[in-house]
Amino acid sequence: MRDIAWTRSDEGTPLYLQLARSLREHISSGGIDPGSALPSERDLSEMAGLSRVTVRKGIEQLIEEGVLIRRQGSGTFVARRIEAPGAKLSSFSDDTRSRGEDPGVVWIYKSYAQPTEEEATALDVSPTAKVARLGRVRLAGGEPLAIEHAVIPAIFMPDLESLGDSLYQALEKHGFRPTSGTQRVRASLATPTEAGILSVAQNSEVLRIDRRTRVPDGRIVEFTRSVYRGDRYEFVTELNEV
């Protein structure tokens, strides 16, 4: 890590915001690699000649922006931008493991019910059909990155108790792993509830994703609506000349 250059440039701007700007520029220029630890508050205080209170406020500003993340008991780190393949059908758990991180899940709800009119239409099932309704927070390395609300026809998910962190693995176990699908991604702002769950500021940028997937015989196996942290995720699609 290169030394952090620090100059007081604007007398009208609070010192903690000046420090946050210097750190942000230092990180964007490659001074600290994504995933690397930030120097301690004490070291930053000595480097910048600022109080630890000011340094702490500057760090909190960058955590709120998603530039930094804090891991309890480990320190503060430069956030990694996650490039998710936009044209590949894969699960959150598989993507997380491919990056060398451990996936995790916090369940909000997991139950059987009848579908709403919208869900029945999306899944192409009868309004009286039985569906599994799943709500969960998706974690990577213990950090909350997404909220997912999925609806699955019960014929594809007969055993909710055996469902672990990966829905696709559970579907594959029953012979119904999806092989094709469509998804729509749009930019939005986090609601107060979403912001609290994802540990971001209210009205932070998020990506809303609607996904429908199919098994090989064409039946719709999944209708999922997700909210992903916009400060951490980029969906990348390869383009080829027609």
# chains A, B, ... in the order shown; residues from 1 in each chain; ligands from 1
$ select_by_dssp --residues "range 16-242 of chain A" --states "alpha helix (DSSP H)" --output "PyMOL selection string"
chain A and resi 16-28+41-48+52-65+92-98+117-123+167-173+192-198
$ residues_around --residues "Tyr233 in chain A" --least-positions-apart "6" --cutoff "9 Å" --atoms "only C-alpha atoms" --output "short mmCIF file (atom, residue, chain, number, x, y, z; two decimals) with N, CA, C and O atoms, in the first residue's frame"
data_model
loop_
_atom_site.label_atom_id
_atom_site.label_comp_id
_atom_site.auth_asym_id
_atom_site.auth_seq_id
_atom_site.Cartn_x
_atom_site.Cartn_y
_atom_site.Cartn_z
N ARG A 80 -14.87 -4.96 -2.39
CA ARG A 80 -14.66 -5.50 -3.74
C ARG A 80 -15.91 -5.23 -4.57
O ARG A 80 -17.03 -5.39 -4.10
N ARG A 81 -15.74 -4.86 -5.82
CA ARG A 81 -16.85 -4.81 -6.76
C ARG A 81 -17.04 -6.20 -7.33
O ARG A 81 -16.10 -6.83 -7.82
N ILE A 82 -18.22 -6.72 -7.21
CA ILE A 82 -18.52 -8.07 -7.68
C ILE A 82 -19.07 -8.01 -9.08
O ILE A 82 -20.09 -7.36 -9.33
N GLU A 83 -18.39 -8.66 -10.01
CA GLU A 83 -18.87 -8.74 -11.39
C GLU A 83 -19.62 -10.06 -11.57
O GLU A 83 -19.01 -11.13 -11.57
N ALA A 84 -20.93 -9.97 -11.68
CA ALA A 84 -21.76 -11.16 -11.85
C ALA A 84 -22.06 -11.34 -13.34
O ALA A 84 -22.39 -10.36 -14.03
N LEU A 145 -25.59 -9.15 1.18
CA LEU A 145 -25.46 -8.58 -0.16
C LEU A 145 -26.77 -8.52 -0.93
O LEU A 145 -26.89 -7.73 -1.86
N VAL A 206 -29.72 0.33 -5.31
CA VAL A 206 -29.83 -1.12 -5.33
C VAL A 206 -30.21 -1.56 -6.74
O VAL A 206 -30.64 -0.75 -7.56
N LEU A 207 -30.01 -2.84 -7.01
CA LEU A 207 -30.43 -3.44 -8.27
C LEU A 207 -31.58 -4.38 -7.98
O LEU A 207 -31.46 -5.29 -7.15
#
$ closest_residue --among "A:Gln61, A:Pro178, A:Arg225, A:Arg56" --to "Arg136 in chain A" --atoms "only C-alpha atoms"
A:Arg225
$ closest_residue --among "A:His149, A:His26, A:Arg212, A:Arg71" --to "Ala122 in chain A" --atoms "only C-alpha atoms"
A:Arg212
$ atom_distance --atom1 "CA of Gly49 in chain A" --atom2 "CA of Ala79 in chain A"
25.1 Å
$ residues_around --residues "Ala129 in chain A" --least-positions-apart "4" --cutoff "8 Å" --atoms "only C-alpha atoms" --output "ChimeraX atom specification"
/A:114-115,125,153
$ closest_residue --among "A:Thr13, A:Pro85, A:Val67, A:Gly196" --to "Ser98 in chain A" --atoms "only C-alpha atoms"
A:Pro85
$ residues_around --residues "range 27-40 of chain A" --least-positions-apart "4" --cutoff "7 Å" --atoms "only C-alpha atoms" --output "PyMOL selection string"
chain A and resi 1-2+23+44+75-80
$ write_last_selection --atoms "N, CA and C atoms" --output "mmCIF file, in the first residue's frame"
data_model
loop_
_atom_site.group_PDB
_atom_site.id
_atom_site.type_symbol
_atom_site.label_atom_id
_atom_site.label_comp_id
_atom_site.auth_asym_id
_atom_site.auth_seq_id
_atom_site.Cartn_x
_atom_site.Cartn_y
_atom_site.Cartn_z
ATOM 1 N N MET A 1 0.834 -1.183 0.000
ATOM 2 C CA MET A 1 0.000 0.000 0.000
ATOM 3 C C MET A 1 0.874 1.241 0.000
ATOM 4 N N ARG A 2 0.585 2.155 -0.930
ATOM 5 C CA ARG A 2 1.330 3.408 -0.966
ATOM 6 C C ARG A 2 0.870 4.313 0.173
ATOM 7 N N LEU A 23 -9.101 9.583 0.885
ATOM 8 C CA LEU A 23 -9.070 8.124 0.936
ATOM 9 C C LEU A 23 -9.738 7.527 -0.299
ATOM 10 N N LEU A 44 -4.013 6.073 10.719
ATOM 11 C CA LEU A 44 -4.543 7.116 9.841
ATOM 12 C C LEU A 44 -4.511 8.475 10.532
ATOM 13 N N GLY A 75 -11.523 -5.687 11.292
ATOM 14 C CA GLY A 75 -11.072 -4.388 10.828
ATOM 15 C C GLY A 75 -11.918 -3.849 9.698
ATOM 16 N N THR A 76 -11.382 -2.853 9.000
ATOM 17 C CA THR A 76 -12.076 -2.195 7.896
ATOM 18 C C THR A 76 -11.333 -2.489 6.602
ATOM 19 N N PHE A 77 -12.086 -2.836 5.561
ATOM 20 C CA PHE A 77 -11.486 -3.286 4.311
ATOM 21 C C PHE A 77 -12.068 -2.519 3.127
ATOM 22 N N VAL A 78 -11.276 -2.462 2.055
ATOM 23 C CA VAL A 78 -11.758 -1.871 0.810
ATOM 24 C C VAL A 78 -12.733 -2.858 0.167
ATOM 25 N N ALA A 79 -13.920 -2.378 -0.147
ATOM 26 C CA ALA A 79 -14.953 -3.254 -0.709
ATOM 27 C C ALA A 79 -14.567 -3.708 -2.112
ATOM 28 N N ARG A 80 -14.868 -4.958 -2.394
ATOM 29 C CA ARG A 80 -14.661 -5.495 -3.737
ATOM 30 C C ARG A 80 -15.909 -5.231 -4.571
#
$ closest_residue --among "A:Arg208, A:Arg99, A:Lys57, A:Arg24" --to "Glu194 in chain A" --atoms "only C-alpha atoms"
A:Arg208
$ atom_distance --atom1 "CA of Gln202 in chain A" --atom2 "CA of Trp107 in chain A"
22.0 Å
$ residues_around --residues "Val131 in chain A" --least-positions-apart "6" --cutoff "12 Å" --atoms "only C-alpha atoms" --output "list in words"
Lys110, Ser111, Tyr112, Ala113, Gln114, Pro115, Thr116, Glu119, Ala120, Leu123, Asp124, Val125, Ala150, Val151, Ile152, Pro153, Ala154, Ile155, Phe156, Met157, Pro158, Asp159, Leu160, Val221, Glu222 and Phe223 of chain A
$ closest_residue --among "A:Pro14, A:Gly66, A:Gly230, A:Gly104" --to "Ser166 in chain A" --atoms "only C-alpha atoms"
A:Gly104
$ atom_distance --atom1 "CA of Pro216 in chain A" --atom2 "CA of Thr182 in chain A"
14.1 Å
$ residues_around --residues "Val55 in chain A" --least-positions-apart "3" --cutoff "7 Å" --atoms "only C-alpha atoms" --output "PDB file with N, CA and C atoms, in the first residue's frame"
ATOM      1  N   TYR A  16     -13.502  15.753   8.132  1.00  0.00           N
ATOM      2  CA  TYR A  16     -13.747  14.325   7.909  1.00  0.00           C
ATOM      3  C   TYR A  16     -14.145  14.046   6.465  1.00  0.00           C
ATOM      4  N   GLU A  41      -7.303   3.192  12.697  1.00  0.00           N
ATOM      5  CA  GLU A  41      -7.655   4.589  12.971  1.00  0.00           C
ATOM      6  C   GLU A  41      -6.469   5.336  13.563  1.00  0.00           C
ATOM      7  N   LEU A  44      -4.013   6.073  10.719  1.00  0.00           N
ATOM      8  CA  LEU A  44      -4.543   7.116   9.841  1.00  0.00           C
ATOM      9  C   LEU A  44      -4.511   8.475  10.532  1.00  0.00           C
ATOM     10  N   SER A  45      -4.780   8.477  11.823  1.00  0.00           N
ATOM     11  CA  SER A  45      -4.740   9.723  12.580  1.00  0.00           C
ATOM     12  C   SER A  45      -3.337  10.326  12.556  1.00  0.00           C
ATOM     13  N   LEU A  50      -4.841  14.233  12.163  1.00  0.00           N
ATOM     14  CA  LEU A  50      -6.209  14.521  12.568  1.00  0.00           C
ATOM     15  C   LEU A  50      -6.564  13.697  13.801  1.00  0.00           C
ATOM     16  N   SER A  51      -7.598  14.137  14.503  1.00  0.00           N
ATOM     17  CA  SER A  51      -8.041  13.381  15.668  1.00  0.00           C
ATOM     18  C   SER A  51      -8.654  12.062  15.226  1.00  0.00           C
ATOM     19  N   ARG A  52      -8.669  11.104  16.135  1.00  0.00           N
ATOM     20  CA  ARG A  52      -9.257   9.808  15.806  1.00  0.00           C
ATOM     21  C   ARG A  52     -10.770   9.920  15.605  1.00  0.00           C
ATOM     22  N   GLY A  58     -14.691  10.047   8.979  1.00  0.00           N
ATOM     23  CA  GLY A  58     -14.345   9.895   7.565  1.00  0.00           C
ATOM     24  C   GLY A  58     -14.519   8.463   7.093  1.00  0.00           C
ATOM     25  N   ILE A  59     -14.109   7.523   7.934  1.00  0.00           N
ATOM     26  CA  ILE A  59     -14.268   6.100   7.603  1.00  0.00           C
ATOM     27  C   ILE A  59     -15.744   5.729   7.529  1.00  0.00           C
TER      28      ILE A  59
END
$ select_by_dssp --residues "range 167-242 of chain A" --states "strand (DSSP E or B)" --output "MDAnalysis selection string"
chainID A and resid 180:189 205:214 220:229 233:236
$ closest_residue --among "A:Thr96, A:Thr224, A:Ser74, A:Gln18" --to "Arg184 in chain A" --atoms "only C-alpha atoms"
A:Thr224
$ residues_around --residues "Leu198 in chain A" --least-positions-apart "4" --cutoff "9 Å" --atoms "only C-alpha atoms" --output "compact mmCIF listing (two decimals) with N, CA, C and O atoms, in the first residue's frame"
# COMPACT_ATOMS: atom_id res chain seq x y z
N VAL A 137 -32.14 -13.53 3.29
CA VAL A 137 -31.03 -12.60 3.08
C VAL A 137 -29.83 -13.42 2.67
O VAL A 137 -29.48 -14.40 3.34
N GLU A 143 -21.26 -11.02 5.06
CA GLU A 143 -21.76 -9.69 4.71
C GLU A 143 -23.08 -9.81 3.94
O GLU A 143 -23.16 -10.56 2.97
N PRO A 144 -24.13 -9.09 4.34
CA PRO A 144 -25.40 -9.16 3.61
C PRO A 144 -25.29 -8.44 2.26
O PRO A 144 -24.93 -7.26 2.21
N LEU A 145 -25.59 -9.15 1.18
CA LEU A 145 -25.46 -8.58 -0.16
C LEU A 145 -26.77 -8.52 -0.93
O LEU A 145 -26.89 -7.73 -1.86
N ALA A 146 -27.74 -9.36 -0.56
CA ALA A 146 -28.98 -9.40 -1.34
C ALA A 146 -30.13 -9.90 -0.49
O ALA A 146 -29.94 -10.61 0.50
N ILE A 147 -31.33 -9.52 -0.90
CA ILE A 147 -32.57 -10.05 -0.32
C ILE A 147 -33.31 -10.73 -1.46
O ILE A 147 -33.50 -10.14 -2.53
N THR A 193 -36.62 -0.49 5.12
CA THR A 193 -36.49 -1.87 5.57
C THR A 193 -35.34 -2.57 4.86
O THR A 193 -34.51 -3.26 5.48
N GLU A 194 -35.25 -2.40 3.54
CA GLU A 194 -34.17 -3.02 2.77
C GLU A 194 -32.82 -2.49 3.21
O GLU A 194 -31.85 -3.25 3.33
N TYR A 228 -30.32 -6.44 -4.82
CA TYR A 228 -28.88 -6.56 -4.64
C TYR A 228 -28.28 -5.18 -4.33
O TYR A 228 -28.74 -4.16 -4.86
N ARG A 229 -27.26 -5.18 -3.53
CA ARG A 229 -26.57 -3.92 -3.21
C ARG A 229 -25.90 -3.34 -4.45
O ARG A 229 -25.04 -3.97 -5.05
$ decode --residues "range 27-41 of chain A" --atoms "all heavy atoms" --output "short mmCIF file (atom, residue, chain, number, x, y, z; two decimals), in the first residue's frame"
data_model
loop_
_atom_site.label_atom_id
_atom_site.label_comp_id
_atom_site.auth_asym_id
_atom_site.auth_seq_id
_atom_site.Cartn_x
_atom_site.Cartn_y
_atom_site.Cartn_z
N ILE A 27 -7.87 5.12 -2.97
CA ILE A 27 -8.35 3.77 -3.29
C ILE A 27 -8.59 3.63 -4.79
O ILE A 27 -8.19 2.65 -5.41
CB ILE A 27 -9.63 3.45 -2.49
CG1 ILE A 27 -9.29 3.30 -1.00
CG2 ILE A 27 -10.31 2.19 -3.01
CD1 ILE A 27 -10.50 3.31 -0.09
N SER A 28 -9.27 4.62 -5.40
CA SER A 28 -9.59 4.54 -6.83
C SER A 28 -8.35 4.56 -7.70
O SER A 28 -8.35 4.04 -8.82
CB SER A 28 -10.54 5.67 -7.23
OG SER A 28 -9.92 6.93 -7.06
N SER A 29 -7.25 5.15 -7.21
CA SER A 29 -6.01 5.19 -7.98
C SER A 29 -5.16 3.94 -7.81
O SER A 29 -4.07 3.84 -8.38
CB SER A 29 -5.19 6.43 -7.59
OG SER A 29 -4.70 6.32 -6.26
N GLY A 30 -5.65 2.98 -7.01
CA GLY A 30 -4.91 1.74 -6.82
C GLY A 30 -3.99 1.74 -5.62
O GLY A 30 -3.19 0.81 -5.45
N GLY A 31 -4.10 2.75 -4.75
CA GLY A 31 -3.24 2.81 -3.59
C GLY A 31 -3.50 1.70 -2.59
O GLY A 31 -2.59 1.29 -1.86
N ILE A 32 -4.74 1.24 -2.54
CA ILE A 32 -5.11 0.10 -1.69
C ILE A 32 -5.94 -0.84 -2.55
O ILE A 32 -6.93 -0.42 -3.13
CB ILE A 32 -5.90 0.53 -0.45
CG1 ILE A 32 -5.22 1.68 0.29
CG2 ILE A 32 -6.09 -0.65 0.51
CD1 ILE A 32 -5.99 2.18 1.49
N ASP A 33 -5.56 -2.08 -2.64
CA ASP A 33 -6.26 -3.04 -3.48
C ASP A 33 -7.61 -3.43 -2.88
O ASP A 33 -7.76 -3.47 -1.65
CB ASP A 33 -5.43 -4.31 -3.67
CG ASP A 33 -4.15 -4.05 -4.45
OD1 ASP A 33 -4.17 -3.15 -5.31
OD2 ASP A 33 -3.15 -4.76 -4.20
N PRO A 34 -8.60 -3.73 -3.73
CA PRO A 34 -9.88 -4.23 -3.22
C PRO A 34 -9.68 -5.46 -2.35
O PRO A 34 -8.89 -6.34 -2.67
CB PRO A 34 -10.65 -4.59 -4.51
CG PRO A 34 -10.05 -3.70 -5.56
CD PRO A 34 -8.60 -3.59 -5.19
N GLY A 35 -10.36 -5.48 -1.22
CA GLY A 35 -10.23 -6.60 -0.29
C GLY A 35 -9.15 -6.40 0.75
O GLY A 35 -9.09 -7.16 1.73
N SER A 36 -8.29 -5.40 0.55
CA SER A 36 -7.20 -5.16 1.50
C SER A 36 -7.69 -4.37 2.71
O SER A 36 -8.67 -3.63 2.64
CB SER A 36 -6.06 -4.40 0.83
OG SER A 36 -5.49 -5.16 -0.21
N ALA A 37 -6.98 -4.53 3.81
CA ALA A 37 -7.35 -3.85 5.05
C ALA A 37 -6.90 -2.39 5.01
O ALA A 37 -5.84 -2.06 4.47
CB ALA A 37 -6.72 -4.54 6.25
N LEU A 38 -7.73 -1.52 5.55
CA LEU A 38 -7.38 -0.12 5.72
C LEU A 38 -6.47 0.00 6.94
O LEU A 38 -6.58 -0.78 7.88
CB LEU A 38 -8.66 0.69 5.94
CG LEU A 38 -8.57 2.21 5.72
CD1 LEU A 38 -8.41 2.50 4.24
CD2 LEU A 38 -9.84 2.87 6.25
N PRO A 39 -5.52 0.96 6.93
CA PRO A 39 -4.73 1.18 8.15
C PRO A 39 -5.65 1.46 9.34
O PRO A 39 -6.78 1.90 9.18
CB PRO A 39 -3.88 2.40 7.81
CG PRO A 39 -3.78 2.39 6.32
CD PRO A 39 -5.09 1.85 5.84
N SER A 40 -5.16 1.20 10.53
CA SER A 40 -5.97 1.43 11.73
C SER A 40 -6.29 2.91 11.89
O SER A 40 -5.63 3.77 11.30
CB SER A 40 -5.21 0.93 12.96
OG SER A 40 -4.08 1.75 13.19
N GLU A 41 -7.30 3.19 12.70
CA GLU A 41 -7.65 4.59 12.97
C GLU A 41 -6.47 5.34 13.56
O GLU A 41 -6.23 6.50 13.23
CB GLU A 41 -8.85 4.65 13.93
CG GLU A 41 -10.17 4.24 13.31
CD GLU A 41 -11.32 4.37 14.29
OE1 GLU A 41 -11.09 4.89 15.41
OE2 GLU A 41 -12.45 3.99 13.94
#
